[in-house]
Amino acid sequence: MDEKKITPLEFEKPLAMLAQQIEALEKQLGTGLTPELENDLHRLNQQYDQLKKSIYSNLRGIDHLALARHPQRPYTRDYIVRWDPQWVEMHGDRQGSDDPAMVSGLLRIFEFNVIVIGTQKGRTIREKQHCNFGMPQPEGYRKALRLFRHAEKFGLPIVNLIDTPGAYPGLSAEEHNQAEAIAVNLRELSGLTVPVISIITGEGGSGGALAIGVANRILMLEHSVYSVISPEGCASILWRSADKVAEACQAMKMTAREIRELGVADEVVSEPLCGAQHDYDFTASQLKEAIGRHLRDLSKLTPKELKKDRLNKFRKLGAFIEGEVKPMGIA
Amino acid sequence: MQRIEQIADPYTFVELDAGLSSADPLGFVDSEPYPKRLVEATRKSGLTESIVTGTCTINKAPLALGVMDFGHFGGSMGSVVGEKVARLIEHALAKRIALCIISSSGGARMQEGILSLMQLAKTSAVLQEFHDQGLLYLSVLTEPTYGGVTASFAMLGDVIIAEPGARVGFAGRRVIEQTIRQKLPADFQTAEYLLAHGQVDMVIERARLKDTLSNLIEFHQHPNHSNPSIPDESNGKKGQALSTR
């Protein structure tokens, strides 16, 4: 992507201002070269690099959130087309719908034929509306389910790409049983005997994300986030103020590193220095390398072992205290 | 707990995993620290967590039973609820007995963050094994059941029963109204609405729940049984029971 066209985020503004100063100075340099100007330019460029490193090594949860939601961040289709330009798209839930918020297809990734399923946000206003801003309907989850079964039938590994604010909270979605669509996916994913890798590329929006997130390996891009509720929702419920989003982000520990520390994510995949929006190709190849590596690892397991590995991964998630038994007196 | 008394045969309920209590894995503080909220919740409800699990008999049939309580921390599911549900299912699997979970919940517990979300996957994964073994899981949806509980074990029953008027859904009414900017029908997300939209098998009032559960267990555990004994709607008489145990 053209560097100049990337929208700076709030926390990136000091960097953007410095970049403008440098640009202005470079223009001056064009009209007459002096040693002072050259020095100033050199100094400014150094400052710029230092500021960049400093900002990006001190990101708060809310900064990662802004990057995860950056309007120019790569989406599922951007990755798919880079991994396999010849990919074959698969459409429909076979029951009357083809949810544009859920993309699926057949891909070749290195030596593997894989089924790729992912949520899709839209780029233009029209696309966004068409894709419900990346929030799948029950039909989208049932489309994913159809492809899970397809993968299982043919012994094909599954790669799920997750970038969604959550499952769509609409009237028709509730009528068509959004909750059941998610629940069934959770159960069915657990029973598969093929390798499953889920990658959070942007926002991991709660149950809507988990419905394609029950995997043998969970990867997260460096600036992606994963949470049980949006930080806005959490702030308004627990802090009773929509302004407390930064506090909610921090408390919920939703960044990729924190999710890995909590034992949920298996790997954090690095992005280009200022975020994936600056280099689609690099980010795609980072993910492709990680996918290849994990698929090679997982191909050492038998189908039974793959199922058991996935069950064990989720069976041991949770923090609790085993106290002494205090039985209730029930007559 | 009243619910347990209404369903279990007298003196048969044995609680499981009563000693499990919540930890504070995120060190969560909003306006109060999570550990303080936990103490408050127990003081208010008298329970250690939002679900009580155990075994009992129901009209002499063995049953693994879990009962959630909205009065404890809004029935929210954190690690302990997820672990208790998982262990209850594993127990039912090991003993090859029927399973019944009575749900009531505002959803996943925010204070345990991503670990609460993972309980959806954990409970559903253990249910997958149970399901694979051809064992019976009866899910009862009570007022209110929302969010992560609905989107996991509550909607995975072989038979799903809702109580009259109970509100059950994934997203809350207000969130939906804000999203679609339309007013929703008055009966939206009620048991009757769910029934009309094909989401539950039946709507059964509390007084008839025990017999309904018991008859379903009997029916499914005797596949050669030709006459299912479900209480008659109009006069409350039972159909004829032909089974021999």
# chains A, B, ... in the order shown; residues from 1 in each chain; ligands from 1
>>> residues_around(residues="Val140 in chain B", least_positions_apart="2", cutoff="6 Å", atoms="only C-alpha atoms", output="list in words")
Ile102, Ile160, Ile161 and Ala162 of chain B
>>> write_last_selection(atoms="C-alpha atoms", output="JSON list (two decimals), in the first residue's frame")
[["chain", "number", "residue", "atom", "x", "y", "z"],
["B", 102, "ILE", "CA", -31.27, -26.03, 33.73],
["B", 160, "ILE", "CA", -34.68, -28.37, 24.47],
["B", 161, "ILE", "CA", -37.42, -27.30, 26.86],
["B", 162, "ALA", "CA", -38.26, -23.69, 27.63]]
>>> residues_around(residues="Lys244 in chain A", least_positions_apart="2", cutoff="12 Å", atoms="only C-alpha atoms", output="mmCIF file with N, CA and C atoms, in the first residue's frame")
data_model
loop_
_atom_site.group_PDB
_atom_site.id
_atom_site.type_symbol
_atom_site.label_atom_id
_atom_site.label_comp_id
_atom_site.auth_asym_id
_atom_site.auth_seq_id
_atom_site.Cartn_x
_atom_site.Cartn_y
_atom_site.Cartn_z
ATOM 1 N N ILE A 62 -5.587 -0.068 24.122
ATOM 2 C CA ILE A 62 -6.462 0.690 23.239
ATOM 3 C C ILE A 62 -5.782 1.047 21.914
ATOM 4 N N PRO A 231 -14.715 -3.805 24.255
ATOM 5 C CA PRO A 231 -14.356 -2.923 25.372
ATOM 6 C C PRO A 231 -15.386 -1.813 25.586
ATOM 7 N N GLU A 232 -16.060 -1.409 24.514
ATOM 8 C CA GLU A 232 -17.135 -0.410 24.663
ATOM 9 C C GLU A 232 -18.274 -0.986 25.501
ATOM 10 N N GLY A 233 -18.647 -2.229 25.189
ATOM 11 C CA GLY A 233 -19.714 -2.898 25.940
ATOM 12 C C GLY A 233 -19.318 -3.069 27.391
ATOM 13 N N CYS A 234 -18.086 -3.496 27.604
ATOM 14 C CA CYS A 234 -17.581 -3.704 28.971
ATOM 15 C C CYS A 234 -17.571 -2.394 29.742
ATOM 16 N N ALA A 235 -17.092 -1.330 29.102
ATOM 17 C CA ALA A 235 -17.022 -0.012 29.752
ATOM 18 C C ALA A 235 -18.407 0.459 30.151
ATOM 19 N N SER A 236 -19.371 0.310 29.266
ATOM 20 C CA SER A 236 -20.698 0.828 29.597
ATOM 21 C C SER A 236 -21.375 0.006 30.674
ATOM 22 N N ILE A 237 -21.068 -1.293 30.772
ATOM 23 C CA ILE A 237 -21.700 -2.122 31.801
ATOM 24 C C ILE A 237 -20.966 -2.017 33.140
ATOM 25 N N LEU A 238 -19.661 -2.195 33.138
ATOM 26 C CA LEU A 238 -18.937 -2.246 34.416
ATOM 27 C C LEU A 238 -18.463 -0.879 34.918
ATOM 28 N N TRP A 239 -18.140 0.036 33.998
ATOM 29 C CA TRP A 239 -17.722 1.367 34.421
ATOM 30 C C TRP A 239 -18.838 2.391 34.289
ATOM 31 N N ARG A 240 -19.976 1.919 33.718
ATOM 32 C CA ARG A 240 -21.133 2.783 33.485
ATOM 33 C C ARG A 240 -20.772 4.059 32.728
ATOM 34 N N SER A 241 -19.744 3.962 31.890
ATOM 35 C CA SER A 241 -19.368 5.124 31.116
ATOM 36 C C SER A 241 -18.714 4.678 29.826
ATOM 37 N N ALA A 242 -19.235 5.183 28.711
ATOM 38 C CA ALA A 242 -18.666 4.843 27.415
ATOM 39 C C ALA A 242 -17.260 5.418 27.252
ATOM 40 N N ALA A 246 -10.480 2.819 27.340
ATOM 41 C CA ALA A 246 -9.057 2.515 27.568
ATOM 42 C C ALA A 246 -8.875 1.660 28.818
ATOM 43 N N GLU A 247 -9.624 2.024 29.872
ATOM 44 C CA GLU A 247 -9.550 1.254 31.127
ATOM 45 C C GLU A 247 -10.059 -0.166 30.918
ATOM 46 N N ALA A 248 -11.149 -0.275 30.170
ATOM 47 C CA ALA A 248 -11.728 -1.598 29.909
ATOM 48 C C ALA A 248 -10.753 -2.461 29.106
ATOM 49 N N CYS A 249 -10.121 -1.850 28.089
ATOM 50 C CA CYS A 249 -9.129 -2.580 27.280
ATOM 51 C C CYS A 249 -8.028 -3.135 28.157
ATOM 52 N N GLN A 250 -7.551 -2.287 29.043
ATOM 53 C CA GLN A 250 -6.442 -2.682 29.906
ATOM 54 C C GLN A 250 -6.862 -3.815 30.848
ATOM 55 N N ALA A 251 -8.027 -3.658 31.449
ATOM 56 C CA ALA A 251 -8.497 -4.648 32.425
ATOM 57 C C ALA A 251 -8.757 -5.994 31.776
ATOM 58 N N ASP B 30 -12.746 -3.129 38.125
ATOM 59 C CA ASP B 30 -13.468 -2.040 37.477
ATOM 60 C C ASP B 30 -13.740 -1.011 38.570
ATOM 61 N N SER B 31 -14.965 -0.862 39.029
ATOM 62 C CA SER B 31 -15.152 0.035 40.174
ATOM 63 C C SER B 31 -14.884 -0.722 41.476
#
>>> closest_atom_pairs(of="chain A", to="chain B", cutoff="8 Å", atoms="only C-alpha atoms", output="JSON lines")
{"residue": "A:Pro169", "atom": "CA", "partner": "B:Ile176", "partner_atom": "CA", "distance": 5.3}
{"residue": "A:Gly170", "atom": "CA", "partner": "B:Ile176", "partner_atom": "CA", "distance": 5.4}
{"residue": "A:Leu171", "atom": "CA", "partner": "B:Ile176", "partner_atom": "CA", "distance": 6.8}
{"residue": "A:Glu174", "atom": "CA", "partner": "B:Gly169", "partner_atom": "CA", "distance": 6.9}
{"residue": "A:Glu175", "atom": "CA", "partner": "B:His197", "partner_atom": "CA", "distance": 6.3}
{"residue": "A:His176", "atom": "CA", "partner": "B:His197", "partner_atom": "CA", "distance": 7.5}
{"residue": "A:Asn177", "atom": "CA", "partner": "B:Gln199", "partner_atom": "CA", "distance": 6.7}
{"residue": "A:Gln178", "atom": "CA", "partner": "B:Phe170", "partner_atom": "CA", "distance": 6.6}
{"residue": "A:Ala179", "atom": "CA", "partner": "B:Ala151", "partner_atom": "CA", "distance": 4.1}
{"residue": "A:Glu180", "atom": "CA", "partner": "B:Met155", "partner_atom": "CA", "distance": 5.4}
{"residue": "A:Ala181", "atom": "CA", "partner": "B:Ala151", "partner_atom": "CA", "distance": 7.7}
{"residue": "A:Ile182", "atom": "CA", "partner": "B:Ala151", "partner_atom": "CA", "distance": 5.7}
{"residue": "A:Ala183", "atom": "CA", "partner": "B:Ser152", "partner_atom": "CA", "distance": 4.3}
{"residue": "A:Val184", "atom": "CA", "partner": "B:Leu156", "partner_atom": "CA", "distance": 6.9}
{"residue": "A:Leu186", "atom": "CA", "partner": "B:Ala121", "partner_atom": "CA", "distance": 5.7}
{"residue": "A:Arg187", "atom": "CA", "partner": "B:Ser124", "partner_atom": "CA", "distance": 4.9}
{"residue": "A:Glu188", "atom": "CA", "partner": "B:Gln128", "partner_atom": "CA", "distance": 7.1}
{"residue": "A:Ser190", "atom": "CA", "partner": "B:Ala125", "partner_atom": "CA", "distance": 5.1}
{"residue": "A:Gly191", "atom": "CA", "partner": "B:Gln128", "partner_atom": "CA", "distance": 6.4}
{"residue": "A:Ser206", "atom": "CA", "partner": "B:Leu117", "partner_atom": "CA", "distance": 6.7}
{"residue": "A:Gly207", "atom": "CA", "partner": "B:Gly148", "partner_atom": "CA", "distance": 6.8}
{"residue": "A:Leu210", "atom": "CA", "partner": "B:Ala121", "partner_atom": "CA", "distance": 7.5}
{"residue": "A:Val214", "atom": "CA", "partner": "B:Ala121", "partner_atom": "CA", "distance": 6.7}
{"residue": "A:Tyr226", "atom": "CA", "partner": "B:Ile114", "partner_atom": "CA", "distance": 7.2}
{"residue": "A:Ser227", "atom": "CA", "partner": "B:Ile114", "partner_atom": "CA", "distance": 5.5}
{"residue": "A:Val228", "atom": "CA", "partner": "B:Leu117", "partner_atom": "CA", "distance": 5.3}
{"residue": "A:Ile229", "atom": "CA", "partner": "B:Met110", "partner_atom": "CA", "distance": 7.2}
{"residue": "A:Cys234", "atom": "CA", "partner": "B:Met110", "partner_atom": "CA", "distance": 7.3}
{"residue": "A:Leu238", "atom": "CA", "partner": "B:Asp30", "partner_atom": "CA", "distance": 6.3}
{"residue": "A:Trp239", "atom": "CA", "partner": "B:Asp30", "partner_atom": "CA", "distance": 6.2}
{"residue": "A:Ala248", "atom": "CA", "partner": "B:Asp30", "partner_atom": "CA", "distance": 7.8}
{"residue": "A:Ala251", "atom": "CA", "partner": "B:Phe28", "partner_atom": "CA", "distance": 5.8}
{"residue": "A:Met252", "atom": "CA", "partner": "B:Gly113", "partner_atom": "CA", "distance": 5.4}
{"residue": "A:Lys253", "atom": "CA", "partner": "B:Leu26", "partner_atom": "CA", "distance": 7.1}
{"residue": "A:Met254", "atom": "CA", "partner": "B:Ile114", "partner_atom": "CA", "distance": 7.5}
{"residue": "A:Ile259", "atom": "CA", "partner": "B:Ile114", "partner_atom": "CA", "distance": 7.5}
{"residue": "A:Leu262", "atom": "CA", "partner": "B:Leu115", "partner_atom": "CA", "distance": 7.9}
{"residue": "A:Val264", "atom": "CA", "partner": "B:Ile114", "partner_atom": "CA", "distance": 7.9}
{"residue": "A:Leu311", "atom": "CA", "partner": "B:Ala125", "partner_atom": "CA", "distance": 6.2}
{"residue": "A:Phe314", "atom": "CA", "partner": "B:Lys122", "partner_atom": "CA", "distance": 5.2}
{"residue": "A:Arg315", "atom": "CA", "partner": "B:Lys122", "partner_atom": "CA", "distance": 5.3}
{"residue": "A:Leu317", "atom": "CA", "partner": "B:Leu115", "partner_atom": "CA", "distance": 6.6}
{"residue": "A:Gly318", "atom": "CA", "partner": "B:Ser79", "partner_atom": "CA", "distance": 4.7}
{"residue": "A:Ala319", "atom": "CA", "partner": "B:Ser79", "partner_atom": "CA", "distance": 5.7}
{"residue": "A:Phe320", "atom": "CA", "partner": "B:Ser22", "partner_atom": "CA", "distance": 4.8}
{"residue": "A:Ile321", "atom": "CA", "partner": "B:Ser21", "partner_atom": "CA", "distance": 5.1}
{"residue": "A:Glu322", "atom": "CA", "partner": "B:Leu20", "partner_atom": "CA", "distance": 4.8}
{"residue": "A:Gly323", "atom": "CA", "partner": "B:Gly19", "partner_atom": "CA", "distance": 4.5}
{"residue": "A:Glu324", "atom": "CA", "partner": "B:Gly19", "partner_atom": "CA", "distance": 5.1}
{"residue": "A:Val325", "atom": "CA", "partner": "B:Gly19", "partner_atom": "CA", "distance": 4.3}
{"residue": "A:Lys326", "atom": "CA", "partner": "B:Ala18", "partner_atom": "CA", "distance": 6.0}
{"residue": "A:Pro327", "atom": "CA", "partner": "B:Ala18", "partner_atom": "CA", "distance": 6.1}
{"residue": "A:Met328", "atom": "CA", "partner": "B:Glu15", "partner_atom": "CA", "distance": 7.1}
{"residue": "A:Ile330", "atom": "CA", "partner": "B:Phe13", "partner_atom": "CA", "distance": 6.9}
{"residue": "A:Ala331", "atom": "CA", "partner": "B:Tyr11", "partner_atom": "CA", "distance": 5.2}
>>> atom_distance(atom1="CA of Glu222 in chain A", atom2="CA of Thr255 in chain A")
8.1 Å
>>> closest_atom_pairs(of="range 157-265 of chain A", to="range 94-112 of chain A", cutoff="12 Å", atoms="only C-alpha atoms", output="tab-separated table")
residue	atom	partner	partner_atom	distance
A:Pro157	CA	A:Phe112	CA	8.0
A:Ile158	CA	A:Leu106	CA	9.7
A:Val159	CA	A:Leu107	CA	9.7
A:Asn160	CA	A:Ser104	CA	9.1
A:Leu161	CA	A:Val103	CA	9.3
A:Ile162	CA	A:Met102	CA	9.8
A:Asp163	CA	A:Ala101	CA	10.2
A:Thr164	CA	A:Ala101	CA	9.0
A:Pro165	CA	A:Ala101	CA	11.3
A:Gly166	CA	A:Ala101	CA	10.9
A:Ala167	CA	A:Ala101	CA	9.8
A:Tyr168	CA	A:Ala101	CA	9.6
A:Ala173	CA	A:Asp99	CA	11.6
A:His176	CA	A:Ser97	CA	11.6
A:Pro195	CA	A:Phe112	CA	11.3
A:Gly208	CA	A:Met102	CA	11.2
A:Ala209	CA	A:Met102	CA	11.3
A:Ala211	CA	A:Met102	CA	11.7
A:Ile212	CA	A:Met102	CA	10.3
>>> residues_around(residues="Gly75 in chain B", least_positions_apart="6", cutoff="9 Å", atoms="only C-alpha atoms", output="number ranges by chain")
B: 49-51, 68-69, 103-109, 145
>>> write_last_selection(atoms="N, CA and C atoms", output="PDB file, in the first residue's frame")
ATOM      1  N   GLU B  49     -21.174 -20.442  43.646  1.00  0.00           N
ATOM      2  CA  GLU B  49     -21.043 -20.083  42.231  1.00  0.00           C
ATOM      3  C   GLU B  49     -22.401 -20.131  41.548  1.00  0.00           C
ATOM      4  N   SER B  50     -22.417 -19.787  40.248  1.00  0.00           N
ATOM      5  CA  SER B  50     -23.698 -19.638  39.557  1.00  0.00           C
ATOM      6  C   SER B  50     -24.337 -20.943  39.125  1.00  0.00           C
ATOM      7  N   ILE B  51     -23.682 -22.071  39.406  1.00  0.00           N
ATOM      8  CA  ILE B  51     -24.295 -23.357  39.081  1.00  0.00           C
ATOM      9  C   ILE B  51     -24.039 -24.355  40.217  1.00  0.00           C
ATOM     10  N   MET B  68     -28.523 -23.748  37.177  1.00  0.00           N
ATOM     11  CA  MET B  68     -27.919 -22.422  37.268  1.00  0.00           C
ATOM     12  C   MET B  68     -28.831 -21.491  38.065  1.00  0.00           C
ATOM     13  N   ASP B  69     -28.228 -20.447  38.609  1.00  0.00           N
ATOM     14  CA  ASP B  69     -29.005 -19.487  39.393  1.00  0.00           C
ATOM     15  C   ASP B  69     -28.658 -18.063  38.973  1.00  0.00           C
ATOM     16  N   SER B 103     -30.687 -23.977  32.609  1.00  0.00           N
ATOM     17  CA  SER B 103     -29.910 -22.757  32.407  1.00  0.00           C
ATOM     18  C   SER B 103     -30.637 -21.494  32.797  1.00  0.00           C
ATOM     19  N   SER B 104     -29.853 -20.557  33.304  1.00  0.00           N
ATOM     20  CA  SER B 104     -30.356 -19.221  33.591  1.00  0.00           C
ATOM     21  C   SER B 104     -29.123 -18.336  33.725  1.00  0.00           C
ATOM     22  N   SER B 105     -28.956 -17.398  32.821  1.00  0.00           N
ATOM     23  CA  SER B 105     -27.680 -16.678  32.803  1.00  0.00           C
ATOM     24  C   SER B 105     -27.748 -15.412  31.981  1.00  0.00           C
ATOM     25  N   GLY B 106     -26.989 -14.414  32.436  1.00  0.00           N
ATOM     26  CA  GLY B 106     -26.847 -13.191  31.649  1.00  0.00           C
ATOM     27  C   GLY B 106     -25.743 -13.329  30.611  1.00  0.00           C
ATOM     28  N   GLY B 107     -24.991 -14.440  30.697  1.00  0.00           N
ATOM     29  CA  GLY B 107     -23.919 -14.635  29.723  1.00  0.00           C
ATOM     30  C   GLY B 107     -22.579 -14.901  30.376  1.00  0.00           C
ATOM     31  N   ALA B 108     -21.528 -14.732  29.595  1.00  0.00           N
ATOM     32  CA  ALA B 108     -20.180 -14.993  30.103  1.00  0.00           C
ATOM     33  C   ALA B 108     -19.752 -13.905  31.091  1.00  0.00           C
ATOM     34  N   ARG B 109     -18.909 -14.288  32.048  1.00  0.00           N
ATOM     35  CA  ARG B 109     -18.483 -13.349  33.088  1.00  0.00           C
ATOM     36  C   ARG B 109     -17.295 -12.508  32.607  1.00  0.00           C
ATOM     37  N   THR B 145     -32.069 -16.456  29.843  1.00  0.00           N
ATOM     38  CA  THR B 145     -30.863 -17.171  29.402  1.00  0.00           C
ATOM     39  C   THR B 145     -30.298 -16.473  28.174  1.00  0.00           C
TER      40      THR B 145
END
>>> atom_distance(atom1="CA of Leu147 in chain A", atom2="CA of Ile117 in chain A")
7.8 Å
>>> atom_distance(atom1="CA of Gly263 in chain A", atom2="CA of Arg310 in chain A")
13.7 Å
>>> select_by_dssp(residues="range 117-239 of chain B", states="helix (DSSP H, G or I)", output="PyMOL selection string")
chain B and resi 117-132+147-150+153-156+173-180+191-196+206-221
>>> closest_residue(among="B:Asn215, B:Lys84, B:Gly71, B:Gln221", to="Arg96 in chain B", atoms="only C-alpha atoms")
B:Gln221
>>> closest_residue(among="B:Gln133, B:Leu138, B:Asp187, B:Val203", to="Glu163 in chain B", atoms="only C-alpha atoms")
B:Val203
>>> residues_around(residues="Cys274 in chain A", least_positions_apart="5", cutoff="9 Å", atoms="only C-alpha atoms", output="PyMOL selection string")
chain A and resi 52+56+67
>>> write_last_selection(atoms="N, CA and C atoms", output="tab-separated table (two decimals), in the first residue's frame")
chain	number	residue	atom	x	y	z
A	52	LYS	N	9.23	6.51	16.42
A	52	LYS	CA	8.48	5.36	15.89
A	52	LYS	C	8.72	4.14	16.78
A	56	TYR	N	5.83	2.40	19.20
A	56	TYR	CA	5.40	1.03	18.94
A	56	TYR	C	5.89	0.01	19.95
A	67	LEU	N	-5.33	-0.34	15.99
A	67	LEU	CA	-4.65	-0.99	14.86
A	67	LEU	C	-5.45	-2.18	14.35
>>> decode(residues="range 20-41 of chain B", atoms="N, CA and C atoms", output="mmCIF file, in the first residue's frame")
data_model
loop_
_atom_site.group_PDB
_atom_site.id
_atom_site.type_symbol
_atom_site.label_atom_id
_atom_site.label_comp_id
_atom_site.auth_asym_id
_atom_site.auth_seq_id
_atom_site.Cartn_x
_atom_site.Cartn_y
_atom_site.Cartn_z
ATOM 1 N N LEU B 20 -15.214 -26.103 44.390
ATOM 2 C CA LEU B 20 -14.601 -25.241 43.375
ATOM 3 C C LEU B 20 -14.981 -23.792 43.612
ATOM 4 N N SER B 21 -13.985 -22.917 43.573
ATOM 5 C CA SER B 21 -14.309 -21.497 43.676
ATOM 6 C C SER B 21 -13.471 -20.698 42.682
ATOM 7 N N SER B 22 -13.911 -19.489 42.434
ATOM 8 C CA SER B 22 -13.299 -18.672 41.389
ATOM 9 C C SER B 22 -11.975 -18.065 41.805
ATOM 10 N N ALA B 23 -11.050 -18.022 40.846
ATOM 11 C CA ALA B 23 -9.785 -17.318 41.043
ATOM 12 C C ALA B 23 -9.913 -15.963 40.327
ATOM 13 N N ASP B 24 -8.841 -15.190 40.349
ATOM 14 C CA ASP B 24 -8.863 -13.857 39.710
ATOM 15 C C ASP B 24 -7.717 -13.777 38.700
ATOM 16 N N PRO B 25 -7.845 -14.538 37.595
ATOM 17 C CA PRO B 25 -6.707 -14.693 36.681
ATOM 18 C C PRO B 25 -6.256 -13.397 36.000
ATOM 19 N N LEU B 26 -7.183 -12.444 35.854
ATOM 20 C CA LEU B 26 -6.816 -11.192 35.183
ATOM 21 C C LEU B 26 -6.451 -10.086 36.164
ATOM 22 N N GLY B 27 -6.641 -10.352 37.457
ATOM 23 C CA GLY B 27 -6.452 -9.272 38.430
ATOM 24 C C GLY B 27 -7.381 -8.117 38.098
ATOM 25 N N PHE B 28 -8.659 -8.459 37.884
ATOM 26 C CA PHE B 28 -9.614 -7.518 37.301
ATOM 27 C C PHE B 28 -10.173 -6.523 38.314
ATOM 28 N N VAL B 29 -10.057 -5.238 37.977
ATOM 29 C CA VAL B 29 -10.650 -4.184 38.798
ATOM 30 C C VAL B 29 -11.430 -3.229 37.917
ATOM 31 N N ASP B 30 -12.746 -3.129 38.125
ATOM 32 C CA ASP B 30 -13.468 -2.040 37.477
ATOM 33 C C ASP B 30 -13.740 -1.011 38.570
ATOM 34 N N SER B 31 -14.965 -0.862 39.029
ATOM 35 C CA SER B 31 -15.152 0.035 40.174
ATOM 36 C C SER B 31 -14.884 -0.722 41.476
ATOM 37 N N GLU B 32 -14.839 -2.036 41.367
ATOM 38 C CA GLU B 32 -14.508 -2.898 42.499
ATOM 39 C C GLU B 32 -13.567 -3.983 42.007
ATOM 40 N N PRO B 33 -12.685 -4.510 42.863
ATOM 41 C CA PRO B 33 -11.897 -5.670 42.439
ATOM 42 C C PRO B 33 -12.789 -6.906 42.348
ATOM 43 N N TYR B 34 -12.497 -7.761 41.393
ATOM 44 C CA TYR B 34 -13.279 -8.981 41.173
ATOM 45 C C TYR B 34 -13.441 -9.824 42.446
ATOM 46 N N PRO B 35 -12.361 -10.055 43.219
ATOM 47 C CA PRO B 35 -12.522 -10.878 44.432
ATOM 48 C C PRO B 35 -13.581 -10.306 45.392
ATOM 49 N N LYS B 36 -13.661 -8.982 45.435
ATOM 50 C CA LYS B 36 -14.658 -8.363 46.307
ATOM 51 C C LYS B 36 -16.064 -8.649 45.797
ATOM 52 N N ARG B 37 -16.219 -8.579 44.457
ATOM 53 C CA ARG B 37 -17.525 -8.865 43.857
ATOM 54 C C ARG B 37 -17.928 -10.316 44.105
ATOM 55 N N LEU B 38 -16.942 -11.209 44.120
ATOM 56 C CA LEU B 38 -17.229 -12.622 44.362
ATOM 57 C C LEU B 38 -17.786 -12.824 45.772
ATOM 58 N N VAL B 39 -17.167 -12.178 46.726
ATOM 59 C CA VAL B 39 -17.631 -12.277 48.116
ATOM 60 C C VAL B 39 -19.053 -11.733 48.227
ATOM 61 N N GLU B 40 -19.282 -10.583 47.616
ATOM 62 C CA GLU B 40 -20.616 -9.974 47.611
ATOM 63 C C GLU B 40 -21.658 -10.902 47.021
ATOM 64 N N ALA B 41 -21.274 -11.528 45.911
ATOM 65 C CA ALA B 41 -22.213 -12.403 45.201
ATOM 66 C C ALA B 41 -22.643 -13.575 46.082
#
